[in-house]
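Below: work-v2.cif (mmCIF, C-alpha atoms and all ligand atoms)
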```cif
data_start
#
loop_
_atom_site.label_atom_id
_atom_site.label_comp_id
_atom_site.auth_asym_id
_atom_site.auth_seq_id
_atom_site.Cartn_x
_atom_site.Cartn_y
_atom_site.Cartn_z
CA MET A 875 25.21 57.12 -16.37
CA ALA A 876 27.82 59.12 -14.52
CA PHE A 877 28.77 62.70 -13.81
CA LYS A 878 32.08 64.39 -13.07
CA ALA A 879 32.99 65.67 -9.61
CA ALA A 880 35.99 67.71 -8.48
CA ALA A 881 38.12 65.94 -5.88
CA TYR A 882 41.57 65.78 -4.27
CA ALA A 883 43.63 62.61 -4.64
CA ALA A 884 47.01 61.11 -3.82
CA GLN A 885 48.41 59.46 -6.97
CA SER A 886 51.01 57.50 -4.96
CA GLY A 887 52.17 57.08 -1.38
CA THR A 888 54.82 59.73 -1.89
CA SER A 889 52.90 62.36 -3.85
CA PRO A 890 50.95 65.09 -2.06
CA LEU A 891 47.20 65.35 -2.42
CA ALA A 892 46.28 67.38 -5.51
CA PRO A 893 43.23 68.20 -7.65
CA PHE A 894 41.67 65.25 -9.50
CA THR A 895 38.39 64.74 -11.34
CA ILE A 896 36.35 61.62 -10.62
CA ASP A 897 33.23 59.92 -11.99
CA ARG A 898 30.22 59.53 -9.69
CA ARG A 899 27.22 57.45 -10.67
CA ASP A 900 23.82 59.01 -11.27
CA PRO A 901 21.48 57.73 -8.59
CA GLY A 902 19.92 54.32 -9.19
CA PRO A 903 16.50 53.47 -7.69
CA ASN A 904 17.84 53.03 -4.13
CA ASP A 905 20.52 55.72 -4.22
CA VAL A 906 20.92 59.12 -2.64
CA GLN A 907 23.10 61.68 -4.36
CA MET A 908 24.47 64.35 -2.07
CA GLU A 909 26.45 67.53 -2.29
CA ILE A 910 29.35 67.24 0.14
CA LEU A 911 29.56 70.40 2.28
CA TYR A 912 32.15 69.28 4.85
CA CYS A 913 34.49 66.33 5.28
CA GLY A 914 36.46 65.47 8.40
CA VAL A 915 40.14 64.50 8.20
CA CYS A 916 40.85 61.15 9.88
CA HIS A 917 44.31 59.77 10.57
CA SER A 918 43.19 56.80 8.45
CA ASP A 919 43.10 59.22 5.48
CA LEU A 920 46.77 59.96 6.11
CA HIS A 921 47.72 56.26 6.56
CA SER A 922 45.94 55.59 3.23
CA ALA A 923 47.23 58.54 1.22
CA ARG A 924 50.80 57.77 2.30
CA GLY A 925 50.50 54.08 1.41
CA GLU A 926 51.03 52.95 5.02
CA TRP A 927 48.39 50.22 4.77
CA GLU A 928 49.17 47.30 2.44
CA PHE A 929 45.73 47.00 0.82
CA ILE A 930 45.67 50.58 -0.50
CA GLN A 931 45.65 51.08 -4.28
CA PHE A 932 46.22 54.44 -5.93
CA PRO A 933 44.87 56.93 -6.79
CA VAL A 934 43.23 57.46 -3.39
CA VAL A 935 40.57 60.08 -2.74
CA PRO A 936 40.35 59.90 1.07
CA GLY A 937 37.55 61.10 3.33
CA HIS A 938 34.94 59.14 5.27
CA GLU A 939 33.46 61.78 7.57
CA ILE A 940 31.08 63.17 4.99
CA VAL A 941 28.17 65.54 5.59
CA GLY A 942 26.07 67.57 3.21
CA LYS A 943 22.66 67.77 1.66
CA VAL A 944 20.66 65.53 -0.62
CA THR A 945 20.53 66.75 -4.23
CA LYS A 946 18.82 63.79 -5.99
CA ILE A 947 17.09 60.57 -4.95
CA GLY A 948 16.18 57.33 -6.71
CA ALA A 949 12.57 56.22 -7.19
CA ASN A 950 12.57 53.78 -4.24
CA VAL A 951 14.25 56.05 -1.68
CA LYS A 952 12.09 56.42 1.44
CA LYS A 953 14.35 57.89 4.14
CA PHE A 954 15.43 61.09 2.35
CA LYS A 955 14.07 63.89 0.23
CA VAL A 956 15.97 66.52 -1.75
CA GLY A 957 17.41 69.19 0.57
CA ASP A 958 17.72 66.92 3.64
CA ARG A 959 20.89 66.96 5.75
CA SER A 960 22.71 63.69 5.14
CA ALA A 961 25.93 61.93 6.04
CA VAL A 962 28.13 59.03 4.96
CA GLY A 963 30.75 57.34 7.13
CA CYS A 964 33.34 54.65 6.42
CA LEU A 965 31.06 52.16 4.62
CA VAL A 966 29.05 52.47 1.41
CA ASP A 967 27.98 48.83 1.00
CA SER A 968 28.13 45.29 2.42
CA CYS A 969 26.64 41.91 1.49
CA ARG A 970 23.49 42.66 3.55
CA GLY A 971 22.70 38.93 3.82
CA CYS A 972 25.23 37.48 6.28
CA GLY A 973 24.43 37.12 9.96
CA ASN A 974 26.48 40.15 10.92
CA CYS A 975 24.86 42.39 8.29
CA GLU A 976 21.43 41.21 9.42
CA ARG A 977 22.36 42.30 12.96
CA GLY A 978 23.34 45.75 11.66
CA LEU A 979 27.03 44.99 12.13
CA GLU A 980 27.92 45.78 8.53
CA GLN A 981 31.47 46.66 9.61
CA TYR A 982 31.97 42.96 10.37
CA CYS A 983 30.30 41.70 7.15
CA GLN A 984 31.50 38.13 6.61
CA LYS A 985 31.61 38.52 2.83
CA GLY A 986 33.47 41.83 2.89
CA PHE A 987 32.14 45.36 3.05
CA THR A 988 32.76 48.21 0.62
CA LEU A 989 34.73 51.02 2.21
CA THR A 990 33.86 54.58 1.26
CA TYR A 991 37.29 54.82 -0.35
CA ALA A 992 39.91 52.33 -1.53
CA SER A 993 37.52 49.39 -2.03
CA PRO A 994 36.76 47.86 -5.47
CA ASP A 995 33.79 49.80 -6.87
CA VAL A 996 31.09 47.50 -8.32
CA HIS A 997 29.59 50.48 -10.14
CA PHE A 998 32.84 51.30 -11.98
CA PRO A 999 34.54 47.92 -12.64
CA GLY A 1000 38.32 48.14 -12.42
CA LYS A 1001 38.19 51.28 -10.28
CA MET A 1002 38.26 51.82 -6.53
CA THR A 1003 35.70 53.75 -4.50
CA TYR A 1004 36.52 57.41 -3.94
CA GLY A 1005 35.90 59.21 -0.64
CA GLY A 1006 34.70 62.52 0.63
CA TYR A 1007 37.46 64.90 -0.42
CA SER A 1008 35.15 65.79 -3.29
CA LYS A 1009 32.07 67.82 -4.15
CA ALA A 1010 29.51 65.02 -4.48
CA ILE A 1011 28.86 61.34 -3.75
CA THR A 1012 26.16 58.79 -4.59
CA VAL A 1013 25.41 56.08 -2.02
CA ASP A 1014 22.69 53.48 -1.41
CA GLU A 1015 20.26 54.91 1.15
CA ARG A 1016 20.91 52.06 3.59
CA PHE A 1017 24.40 53.52 4.06
CA VAL A 1018 23.32 57.15 4.37
CA LEU A 1019 22.69 58.66 7.81
CA LYS A 1020 20.38 61.44 8.97
CA VAL A 1021 22.05 64.36 10.74
CA PRO A 1022 19.76 65.75 13.47
CA ASN A 1023 18.92 69.43 12.87
CA SER A 1024 20.29 70.62 16.20
CA LEU A 1025 23.85 69.53 15.38
CA ASP A 1026 26.20 72.00 13.69
CA LEU A 1027 26.79 70.30 10.35
CA ALA A 1028 30.56 70.89 10.08
CA ALA A 1029 31.21 69.85 13.70
CA ALA A 1030 29.06 66.75 13.18
CA ALA A 1031 31.23 65.47 10.31
CA PRO A 1032 33.83 63.79 12.57
CA LEU A 1033 31.08 61.85 14.32
CA LEU A 1034 30.88 59.65 11.21
CA CYS A 1035 34.23 58.01 11.99
CA ALA A 1036 35.87 59.42 15.14
CA GLY A 1037 32.48 59.45 16.85
CA ILE A 1038 31.22 55.98 16.04
CA THR A 1039 34.66 54.33 16.42
CA THR A 1040 34.78 55.42 20.06
CA TYR A 1041 31.03 55.20 20.87
CA SER A 1042 30.73 51.58 19.69
CA PRO A 1043 33.44 49.96 21.87
CA LEU A 1044 32.49 52.04 24.92
CA LYS A 1045 28.95 50.71 24.55
CA HIS A 1046 30.03 47.15 23.76
CA TRP A 1047 32.30 46.88 26.81
CA GLY A 1048 29.72 48.42 29.15
CA ALA A 1049 31.22 51.82 29.89
CA THR A 1050 28.55 53.11 32.24
CA LYS A 1051 28.22 55.06 35.47
CA GLY A 1052 30.58 53.83 38.15
CA LYS A 1053 33.10 52.34 35.71
CA LYS A 1054 36.67 53.63 35.50
CA VAL A 1055 37.49 54.16 31.85
CA GLY A 1056 40.74 55.30 30.22
CA VAL A 1057 41.16 56.92 26.81
CA VAL A 1058 44.66 56.90 25.32
CA GLY A 1059 45.62 59.74 22.94
CA LEU A 1060 43.87 63.10 22.61
CA GLY A 1061 43.42 63.37 18.86
CA GLY A 1062 40.32 63.07 16.70
CA LEU A 1063 39.19 59.72 18.09
CA GLY A 1064 40.47 60.34 21.62
CA HIS A 1065 38.64 63.62 22.16
CA MET A 1066 35.37 61.96 21.12
CA GLY A 1067 36.17 59.01 23.41
CA VAL A 1068 36.61 61.39 26.33
CA LYS A 1069 33.33 63.17 25.54
CA PHE A 1070 31.39 59.90 25.29
CA ALA A 1071 32.92 58.26 28.39
CA HIS A 1072 32.06 61.41 30.33
CA ALA A 1073 28.52 61.50 28.90
CA PHE A 1074 28.03 57.83 29.86
CA GLY A 1075 28.88 58.75 33.47
CA CYS A 1076 32.22 56.93 33.68
CA HIS A 1077 35.14 58.09 35.80
CA THR A 1078 37.14 59.16 32.76
CA VAL A 1079 40.94 59.27 32.65
CA LEU A 1080 42.82 60.64 29.66
CA PHE A 1081 46.32 59.36 28.87
CA THR A 1082 48.29 61.77 26.73
CA THR A 1083 51.90 62.28 25.66
CA SER A 1084 51.28 66.04 25.33
CA GLU A 1085 51.56 68.14 28.50
CA SER A 1086 49.95 70.99 26.57
CA LYS A 1087 46.67 69.03 26.34
CA ILE A 1088 46.02 68.63 30.10
CA ALA A 1089 43.62 71.57 30.40
CA ASP A 1090 41.78 70.63 27.20
CA GLY A 1091 41.45 67.03 28.40
CA LYS A 1092 39.63 68.25 31.52
CA ARG A 1093 37.49 70.71 29.58
CA LEU A 1094 36.45 67.89 27.23
CA GLY A 1095 35.28 65.74 30.14
CA ALA A 1096 38.24 63.89 31.70
CA ASP A 1097 38.16 63.62 35.50
CA GLU A 1098 41.92 63.01 35.51
CA VAL A 1099 44.71 63.43 32.97
CA VAL A 1100 47.84 61.26 33.11
CA ILE A 1101 51.03 62.01 31.18
CA SER A 1102 51.75 58.54 29.83
CA LYS A 1103 55.52 59.13 29.66
CA ASN A 1104 55.61 59.52 33.47
CA ALA A 1105 56.01 55.99 34.89
CA ASP A 1106 55.17 57.05 38.48
CA ALA A 1107 51.95 58.73 37.39
CA MET A 1108 51.03 55.57 35.43
CA ASN A 1109 51.82 53.23 38.36
CA LYS A 1110 49.41 55.09 40.62
CA HIS A 1111 46.59 53.66 38.48
CA ALA A 1112 47.84 50.03 38.42
CA GLY A 1113 45.07 47.42 38.51
CA SER A 1114 42.24 49.94 38.60
CA PHE A 1115 40.60 50.29 35.17
CA ASP A 1116 37.53 48.45 33.89
CA PHE A 1117 38.19 49.48 30.31
CA ILE A 1118 40.84 51.39 28.34
CA LEU A 1119 40.26 52.61 24.78
CA ASN A 1120 43.56 53.07 22.94
CA THR A 1121 43.37 55.45 19.94
CA VAL A 1122 47.11 55.96 19.35
CA ALA A 1123 48.12 56.08 15.68
CA ALA A 1124 51.71 54.83 16.23
CA SER A 1125 53.14 51.55 17.56
CA HIS A 1126 53.99 51.57 21.28
CA ASN A 1127 54.33 49.37 24.37
CA LEU A 1128 50.89 48.03 25.32
CA ASP A 1129 52.02 46.53 28.66
CA ALA A 1130 51.99 50.03 30.14
CA TYR A 1131 48.19 49.93 29.74
CA THR A 1132 47.35 46.26 30.38
CA ASN A 1133 49.00 46.65 33.79
CA LEU A 1134 46.46 49.34 34.64
CA LEU A 1135 43.44 47.02 34.14
CA ARG A 1136 41.63 45.39 37.05
CA LEU A 1137 40.45 41.74 37.06
CA ASP A 1138 38.71 40.99 33.73
CA GLY A 1139 39.47 44.47 32.41
CA THR A 1140 39.85 45.07 28.67
CA LEU A 1141 42.27 47.17 26.65
CA CYS A 1142 40.59 47.84 23.31
CA LEU A 1143 42.72 48.96 20.38
CA VAL A 1144 41.19 51.18 17.75
CA GLY A 1145 44.39 52.86 16.53
CA ALA A 1146 45.72 51.18 13.37
CA PRO A 1147 49.42 52.09 13.13
CA GLU A 1148 51.59 51.41 10.11
CA HIS A 1149 53.93 49.15 12.13
CA PRO A 1150 52.84 46.47 14.65
CA HIS A 1151 52.99 47.15 18.39
CA PRO A 1152 55.82 45.36 20.22
CA SER A 1153 54.47 41.97 21.31
CA PRO A 1154 52.63 42.35 24.66
CA SER A 1155 53.87 40.35 27.68
CA VAL A 1156 51.57 37.51 28.70
CA TRP A 1157 52.04 37.97 32.47
CA PRO A 1158 49.85 41.05 32.93
CA LEU A 1159 47.16 39.30 30.84
CA LEU A 1160 47.02 35.98 32.63
CA PHE A 1161 47.45 37.17 36.22
CA GLN A 1162 44.29 39.24 36.21
CA ARG A 1163 42.44 37.52 33.32
CA ARG A 1164 42.77 40.71 31.32
CA SER A 1165 41.99 41.02 27.60
CA ILE A 1166 43.39 42.93 24.67
CA ALA A 1167 40.70 43.47 22.04
CA GLY A 1168 40.03 45.47 18.90
CA SER A 1169 37.05 47.27 17.43
CA ALA A 1170 36.25 48.68 13.99
CA ILE A 1171 34.04 51.72 13.38
CA GLY A 1172 30.35 50.78 13.86
CA GLY A 1173 27.35 49.50 11.93
CA LEU A 1174 24.70 51.69 10.35
CA PRO A 1175 22.01 51.36 13.06
CA GLU A 1176 24.50 52.13 15.83
CA THR A 1177 25.90 55.09 13.85
CA GLN A 1178 22.40 56.58 13.65
CA GLU A 1179 21.90 55.84 17.37
CA MET A 1180 25.17 57.69 18.09
CA LEU A 1181 24.12 60.72 16.01
CA ASP A 1182 20.78 60.84 17.86
CA PHE A 1183 22.59 60.48 21.21
CA CYS A 1184 24.82 63.41 20.24
CA ALA A 1185 21.78 65.54 19.41
CA LYS A 1186 20.20 64.69 22.77
CA HIS A 1187 23.37 65.43 24.74
CA ASN A 1188 24.60 68.32 22.61
CA ILE A 1189 27.84 66.59 21.59
CA VAL A 1190 29.86 67.45 18.49
CA SER A 1191 33.54 67.44 17.61
CA ASP A 1192 35.92 70.33 18.38
CA ILE A 1193 37.03 71.30 14.90
CA GLU A 1194 39.45 73.46 12.98
CA MET A 1195 38.07 74.29 9.54
CA ILE A 1196 40.49 74.23 6.61
CA PRO A 1197 40.17 74.84 2.87
CA MET A 1198 40.84 71.80 0.65
CA GLN A 1199 44.10 73.37 -0.50
CA LYS A 1200 45.58 73.12 3.05
CA ILE A 1201 45.18 69.36 3.35
CA ASN A 1202 48.88 68.50 2.99
CA GLU A 1203 49.77 70.96 5.78
CA ALA A 1204 47.01 69.49 7.91
CA TYR A 1205 48.56 66.02 7.50
CA GLU A 1206 51.94 67.33 8.65
CA ARG A 1207 50.34 68.85 11.73
CA MET A 1208 48.49 65.60 12.42
CA LEU A 1209 51.82 63.76 12.45
CA LYS A 1210 53.00 66.15 15.18
CA SER A 1211 49.83 65.47 17.27
CA ASP A 1212 48.93 69.11 16.60
CA VAL A 1213 45.21 68.83 15.89
CA LYS A 1214 42.55 70.46 18.06
CA TYR A 1215 40.88 68.15 17.70
CA ARG A 1216 39.74 67.40 14.18
CA PHE A 1217 40.39 69.14 10.89
CA VAL A 1218 37.27 69.55 8.77
CA ILE A 1219 37.49 70.53 5.11
CA ASP A 1220 35.10 73.23 3.91
CA MET A 1221 34.18 71.85 0.48
CA ALA A 1222 33.09 75.29 -0.71
CA SER A 1223 36.85 75.87 -1.15
CA LEU A 1224 37.02 73.15 -3.84
CA LYS A 1225 35.99 74.59 -7.18
P1 LIG A 1301 45.03 61.63 15.53
O1 LIG A 1301 44.00 62.72 15.51
O2 LIG A 1301 46.33 61.85 14.85
O3 LIG A 1301 45.26 61.27 17.07
C1 LIG A 1301 46.17 60.29 17.50
C2 LIG A 1301 46.72 60.69 18.88
O4 LIG A 1301 47.57 59.66 19.32
C3 LIG A 1301 47.60 61.93 18.86
O5 LIG A 1301 46.88 63.13 18.94
C4 LIG A 1301 48.45 61.72 20.11
O6 LIG A 1301 47.73 62.10 21.26
C5 LIG A 1301 48.60 60.21 20.15
N1 LIG A 1301 49.90 59.79 19.58
C6 LIG A 1301 50.37 60.02 18.35
N2 LIG A 1301 51.60 59.48 18.19
C7 LIG A 1301 51.89 58.88 19.35
C8 LIG A 1301 53.00 58.12 19.82
N3 LIG A 1301 54.07 57.88 19.03
N4 LIG A 1301 52.93 57.63 21.06
C9 LIG A 1301 51.87 57.86 21.87
N5 LIG A 1301 50.80 58.60 21.46
C10 LIG A 1301 50.82 59.09 20.25
O7 LIG A 1301 44.44 60.30 14.89
P2 LIG A 1301 42.93 59.77 14.85
O8 LIG A 1301 42.27 60.26 13.62
O9 LIG A 1301 42.30 59.95 16.16
O10 LIG A 1301 43.18 58.21 14.57
C11 LIG A 1301 43.87 57.42 15.53
C12 LIG A 1301 44.14 56.03 14.99
O11 LIG A 1301 42.89 55.32 14.88
C13 LIG A 1301 44.74 56.00 13.58
O12 LIG A 1301 45.69 54.95 13.53
C14 LIG A 1301 43.55 55.69 12.70
O13 LIG A 1301 43.90 55.08 11.48
C15 LIG A 1301 42.80 54.75 13.59
N6 LIG A 1301 41.37 54.59 13.28
C16 LIG A 1301 40.82 53.38 13.50
C17 LIG A 1301 39.46 53.18 13.31
C18 LIG A 1301 38.84 51.87 13.61
O14 LIG A 1301 37.77 51.57 13.09
N7 LIG A 1301 39.41 51.07 14.47
C19 LIG A 1301 38.67 54.24 12.86
C20 LIG A 1301 39.27 55.48 12.67
C21 LIG A 1301 40.62 55.66 12.88
P3 LIG A 1301 48.46 62.79 22.52
O15 LIG A 1301 49.07 64.06 21.99
O16 LIG A 1301 47.33 63.03 23.45
O17 LIG A 1301 49.45 61.82 23.05
ZN ZN A 1302 38.37 57.38 10.08
ZN ZN A 1303 27.47 40.77 5.19
#
```
Take the structure I supplied and represent it as structure tokens, if you would.
Ligand code: NAP
Ligand code: ZN
Ligand code: ZN
Amino acid sequence: MAFKAAAYAAQSGTSPLAPFTIDRRDPGPNDVQMEILYCGVCHSDLHSARGEWEFIQFPVVPGHEIVGKVTKIGANVKKFKVGDRSAVGCLVDSCRGCGNCERGLEQYCQKGFTLTYASPDVHFPGKMTYGGYSKAITVDERFVLKVPNSLDLAAAAPLLCAGITTYSPLKHWGATKGKKVGVVGLGGLGHMGVKFAHAFGCHTVLFTTSESKIADGKRLGADEVVISKNADAMNKHAGSFDFILNTVAASHNLDAYTNLLRLDGTLCLVGAPEHPHPSPSVWPLLFQRRSIAGSAIGGLPETQEMLDFCAKHNIVSDIEMIPMQKINEAYERMLKSDVKYRFVIDMASLK
């Protein structure tokens, strides 16, 4: 059985987001149905809605930074009761049986995970999953997170993607006290990366193309801010970083950053631009045994760990709330790097 939910969708890569009605399933035994109160706006939503990624099929209802409250639960649900604060990130299912799923690394499921939007939906054969730009969603409880009470719900929404996508690689590559860590790009992901690197005790350096973001970078936790277009300022940091997290949403020259790594340092890419980066030179990599790596979101256990860490350290996203109807304008501003530092949609605006 299914019910109708109001949503916003892109019908093609060239049409703006507009009202759309979708089917959601009634909760099965293991499902949680939630009312979506807020949904963050990720640059991945824009890449998807504009058809910049090959695998995208239309219509697309974007949104994978979903928070709200539980409205119904299935008979077997243990973690949630009606009225609880709940959240859904980028994944709504995975095989659950492969080695990576068993380790709680559902984002690296060897049989293929189900993305919150734009994945084939087993519950509605022939259709794709629809994301959080809507009033309601039904998800298996394994893929639903608990939002600690102390966190402002709207400002917690971006933690579900921007938060975990930066927390996970910083943890994996050992960003701890005494390490020199760079974060490239002060957008949704970047501002969370700066907050986490600072909270982990790293010497945190922000690289930005926007002179106007220097003061904000420091306020958010950067010890130093470097304007990445200034070659002299970049060269001063040559060979000094343990780890650099690159969140930039457009293709650019990676050598500028690999040259800044020390022996065995890693440049980790999380930005997923439409067009490939120019091929990196091998020399900076082999002379100091440096690595270029990538990282995708985070698994469910680590996402809950990150939310609990945020509650303990009083960390949320810096947000600008928008009504659903302003989403196309928000995308245009995102393309101009004019986001401080995450748009969040107030779903009360969607009737
Ligand atoms: P965003 O809010 O638009 O931030 C991107 C930032 O990159 C901008 O604010 C800007 O920062 C910088 N930038 C933009 N264009 C640039 C250019 N041409 N050259 C240099 N810097 C530029 O985007 P976001 O939501 O943080 O997402 C960032 C990227 O991560 C997107 O590609 C998104 O799809 C991807 N993503 C990946 C994962 C994953 O699992 N790996 C998860 C979520 C998102 P400054 O103004 O400071 O320069
Ligand atoms: Zn995202
Ligand atoms: Zn799996």
Which residues are close to stretch 1060-1070 of chain A, i.e. within 6 Å by all atoms listed in the file, leaving aside same-chain residues fewer than 3 positions away? Reply as a ChimeraX atom specification.
/A:1036-1037,1040,1073,1094-1095,1121,1215-1216
Dump the neighbourhood of ligand LIG 1301 (chain A) as a short mmCIF file (atom, residue, chain, number, x, y, z; two decimals) with C-alpha atoms, in the frame of the given file: all residues within 7 Å, distances computed on only C-alpha atoms and all ligand atoms.
```
data_model
loop_
_atom_site.label_atom_id
_atom_site.label_comp_id
_atom_site.auth_asym_id
_atom_site.auth_seq_id
_atom_site.Cartn_x
_atom_site.Cartn_y
_atom_site.Cartn_z
CA CYS A 916 40.85 61.15 9.88
CA HIS A 917 44.31 59.77 10.57
CA SER A 918 43.19 56.80 8.45
CA HIS A 921 47.72 56.26 6.56
CA CYS A 1035 34.23 58.01 11.99
CA ALA A 1036 35.87 59.42 15.14
CA THR A 1039 34.66 54.33 16.42
CA VAL A 1058 44.66 56.90 25.32
CA GLY A 1059 45.62 59.74 22.94
CA LEU A 1060 43.87 63.10 22.61
CA GLY A 1061 43.42 63.37 18.86
CA GLY A 1062 40.32 63.07 16.70
CA LEU A 1063 39.19 59.72 18.09
CA GLY A 1064 40.47 60.34 21.62
CA PHE A 1081 46.32 59.36 28.87
CA THR A 1082 48.29 61.77 26.73
CA THR A 1083 51.90 62.28 25.66
CA SER A 1084 51.28 66.04 25.33
CA LYS A 1087 46.67 69.03 26.34
CA THR A 1121 43.37 55.45 19.94
CA VAL A 1122 47.11 55.96 19.35
CA ALA A 1123 48.12 56.08 15.68
CA ALA A 1124 51.71 54.83 16.23
CA SER A 1125 53.14 51.55 17.56
CA HIS A 1126 53.99 51.57 21.28
CA VAL A 1144 41.19 51.18 17.75
CA GLY A 1145 44.39 52.86 16.53
CA ALA A 1146 45.72 51.18 13.37
CA PRO A 1147 49.42 52.09 13.13
CA SER A 1169 37.05 47.27 17.43
CA ALA A 1170 36.25 48.68 13.99
CA ILE A 1171 34.04 51.72 13.38
CA MET A 1208 48.49 65.60 12.42
CA LEU A 1209 51.82 63.76 12.45
CA SER A 1211 49.83 65.47 17.27
CA ASP A 1212 48.93 69.11 16.60
CA VAL A 1213 45.21 68.83 15.89
CA TYR A 1215 40.88 68.15 17.70
CA ARG A 1216 39.74 67.40 14.18
#
```
Any idea what the distance is between atom CA of A:Pro890 and atom CA of A:Leu1027?
27.7 Å
Excluding stretch 1196-1203 of chain A and any residue of its chain fewer than 2 positions from it, enumerate the residues within 7 Å of it, using only C-alpha atoms, and give them as a PyMOL selection string.
chain A and resi 890-891+1194+1205-1207+1217-1221+1223-1224
Within 12 Å of (24.3, 69.2, -0.3) in the file's own coordinates, which protein, DNA or RNA residues have an atom, counting all atoms listed in the file? List them as a short mmCIF file (atom, residue, chain, number, x, y, z; two decimals) with C-alpha atoms, keeping the file's coordinate frame.
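Below you can see point_32.cif, which holds the result:
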```cif
data_model
loop_
_atom_site.label_atom_id
_atom_site.label_comp_id
_atom_site.auth_asym_id
_atom_site.auth_seq_id
_atom_site.Cartn_x
_atom_site.Cartn_y
_atom_site.Cartn_z
CA VAL A 906 20.92 59.12 -2.64
CA GLN A 907 23.10 61.68 -4.36
CA MET A 908 24.47 64.35 -2.07
CA GLU A 909 26.45 67.53 -2.29
CA ILE A 910 29.35 67.24 0.14
CA LEU A 911 29.56 70.40 2.28
CA TYR A 912 32.15 69.28 4.85
CA CYS A 913 34.49 66.33 5.28
CA ILE A 940 31.08 63.17 4.99
CA VAL A 941 28.17 65.54 5.59
CA GLY A 942 26.07 67.57 3.21
CA LYS A 943 22.66 67.77 1.66
CA VAL A 944 20.66 65.53 -0.62
CA THR A 945 20.53 66.75 -4.23
CA LYS A 946 18.82 63.79 -5.99
CA LYS A 955 14.07 63.89 0.23
CA VAL A 956 15.97 66.52 -1.75
CA GLY A 957 17.41 69.19 0.57
CA ASP A 958 17.72 66.92 3.64
CA ARG A 959 20.89 66.96 5.75
CA SER A 960 22.71 63.69 5.14
CA ALA A 961 25.93 61.93 6.04
CA SER A 1008 35.15 65.79 -3.29
CA LYS A 1009 32.07 67.82 -4.15
CA ALA A 1010 29.51 65.02 -4.48
CA ILE A 1011 28.86 61.34 -3.75
CA THR A 1012 26.16 58.79 -4.59
CA LEU A 1027 26.79 70.30 10.35
CA MET A 1221 34.18 71.85 0.48
CA ALA A 1222 33.09 75.29 -0.71
#
```
Judged by only C-alpha atoms and all ligand atoms, the minimum distance to ligand ZN 1303 (chain A) among A:Val1099, A:Cys983, A:Cys964, A:Ala1107 is found for A:Cys983
Using all atoms listed in the file: which of A:Cys975, A:Gly1006, A:Ser886, A:Ala923 has the shortest distance to A:Arg898
A:Gly1006
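In this model, the gap between atom CA of A:Val1057 and atom CA of A:His1111 comes to 13.3 Å.
Pairwise distance (atom CA of A:Ile1118, atom CA of A:Leu1033) equals 20.0 Å.
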What does the list of residues within 12 Å of ligand ZN 1303 (chain A) look like if you count all atoms listed in the file, written as a PyMOL selection string?
chain A and resi 965+967-988+1173
Find the smallest box with edges along x, y and z containing every listed atom of stretch 920-939 of chain A, then add 8 Å on each side and report centre and edge lengths in Å to one decimal, as AutoDock Vina command-line options.
```
--center_x 42.2 --center_y 54.4 --center_z 0.4 --size_x 33.6 --size_y 30.8 --size_z 30.4
```
Taking the block above, write stretch 1055-1075 of chain A with C-alpha atoms as an mmCIF file, in the first residue's frame.
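Generated file (result19.cif):
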```cif
data_model
loop_
_atom_site.group_PDB
_atom_site.id
_atom_site.type_symbol
_atom_site.label_atom_id
_atom_site.label_comp_id
_atom_site.auth_asym_id
_atom_site.auth_seq_id
_atom_site.Cartn_x
_atom_site.Cartn_y
_atom_site.Cartn_z
ATOM 1 C CA VAL A 1055 45.251 19.383 7.825
ATOM 2 C CA GLY A 1056 43.980 21.370 4.840
ATOM 3 C CA VAL A 1057 40.378 21.783 3.704
ATOM 4 C CA VAL A 1058 39.831 23.009 0.141
ATOM 5 C CA GLY A 1059 36.651 25.006 -0.599
ATOM 6 C CA LEU A 1060 34.418 26.731 1.950
ATOM 7 C CA GLY A 1061 30.986 25.508 0.928
ATOM 8 C CA GLY A 1062 28.635 23.032 2.574
ATOM 9 C CA LEU A 1063 31.180 20.224 2.890
ATOM 10 C CA GLY A 1064 34.171 22.503 3.437
ATOM 11 C CA HIS A 1065 32.711 24.411 6.370
ATOM 12 C CA MET A 1066 31.931 21.119 8.118
ATOM 13 C CA GLY A 1067 35.451 19.882 7.307
ATOM 14 C CA VAL A 1068 36.925 22.978 8.955
ATOM 15 C CA LYS A 1069 34.727 22.528 12.037
ATOM 16 C CA PHE A 1070 35.662 18.850 12.415
ATOM 17 C CA ALA A 1071 39.410 19.289 11.769
ATOM 18 C CA HIS A 1072 39.405 22.036 14.398
ATOM 19 C CA ALA A 1073 37.407 19.893 16.850
ATOM 20 C CA PHE A 1074 39.869 17.002 16.333
ATOM 21 C CA GLY A 1075 42.704 19.344 17.388
#
```
